[in-house]
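Below is one structure, written out as structure tokens; comments come after it.
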Amino acid sequence: MNRSSLVPRWLYLAFACVMLALGIIGIVLPGLPTTPFILLAAWAAARGSTRLHRWLIEHRTFGPLIRDWQAQGAVRRSNKWLATITMLACAVILLLTAPRLWMAATGISVMLLTGIWLWLRPEPCAISPKDEEAGQGH
């Protein structure tokens with residue numbers, strides 16, 4: 001932890017906790033993404049709480065996502081498909097429930113751009129156990 005930071009550790013920790021809570025809510029609430037909030041939680045936890053950061057990195061569900069992103073800026077194909085299917089479902093809900101077409105079009109446009117960006121992200125390279133122990137990827 002950098003003690004000379006302009007932002008106090010507790011503020012990073014508070015931000016990490018809020019992002020983690022939003023990410024967890026996003027698991028069950030359509031339209032609220034999980035991945036960006038979990039990645040933001042990991043970023044803030046790395047600056048505010050070694051213990052929370054370690055817990056996130058070692059978490060059975062969140063850990064692989066965070067490690068792939070931190071090591072390679074990569075997103076697994078299964079996560080891309082899950083996000084895409086969720087965004088498609090949200091697009092249908094928007095089309096059926098939005099009071100004005102432009103409202104649905106705005107939300108769908110954001111999801112479309114997010115989907116394009118997501119599918120342009122690389123997928124993680126396979127890392128052999130030997131490379132993983134050495135802390136190296138391919």
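In the structure tokens, chains take letters A, B, ... by order of appearance, with residues numbered from 1 within each chain and ligands from 1 in the order shown.
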Checklist line | DSSP alpha helix (DSSP H) residues within chain A, as a PyMOL selection string | finding: chain A and resi 9-28+35-48+50-58+62-72+77-97+101-120+129-134
Checklist line | Residue neighbourhood Phe62 in chain A, 12 Å, only C-alpha atoms, exclusion window fewer than 2 positions, as a list in words | finding: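 Final neighbour list, sorted by chain and number: Leu20, Gly23, Ile24, Ile27, Thr34, Thr35, Pro36, Phe37, Ile38, Leu39, Leu40, Ala41, Ala42, His53, Arg54, Trp55, Leu56, Ile57, Glu58, His59, Arg60, Pro64, Leu65, Ile66, Arg67, Asp68, Trp69 and Asn79 of chain A.
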Note to self: as a PyMOL selection string, please: the residues near range 115-118 of chain A (cut-off 8 Å, only C-alpha atoms, same-chain neighbours under 2 positions excluded).
What the structure shows: chain A and resi 75+80+83-84+111-113+120-121
Keeping only C-alpha atoms, take the residues you just selected and write them out as a PDB file, in the first residue's frame.
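Once written, again.pdb looks like this:
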ATOM      1  CA  VAL A  75     -12.216 -12.193 -20.862  1.00  0.00           C
ATOM      2  CA  LYS A  80     -18.595 -13.228 -23.154  1.00  0.00           C
ATOM      3  CA  ALA A  83     -22.907 -11.276 -20.951  1.00  0.00           C
ATOM      4  CA  THR A  84     -24.208 -11.338 -24.529  1.00  0.00           C
ATOM      5  CA  MET A 111     -25.421  -2.709 -24.772  1.00  0.00           C
ATOM      6  CA  LEU A 112     -24.465  -3.147 -28.435  1.00  0.00           C
ATOM      7  CA  LEU A 113     -21.326  -1.047 -28.013  1.00  0.00           C
ATOM      8  CA  LEU A 120     -12.931  -7.543 -29.193  1.00  0.00           C
ATOM      9  CA  ARG A 121     -11.187  -8.330 -25.890  1.00  0.00           C
TER      10      ARG A 121
END
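Closest approach to Leu13 in chain A among A:Leu29, A:Leu52, A:Ala98, A:Val110: A:Leu52, based on only C-alpha atoms.
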Next item on the list: Considering only C-alpha atoms, state which residue in the set A:Leu94, A:Met103, A:Ala74, A:Ala89 is at the smallest distance from Trp119 in chain A.
Entry: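 Nearest candidate to Trp119 in chain A out of A:Leu94, A:Met103, A:Ala74, A:Ala89: A:Ala74.
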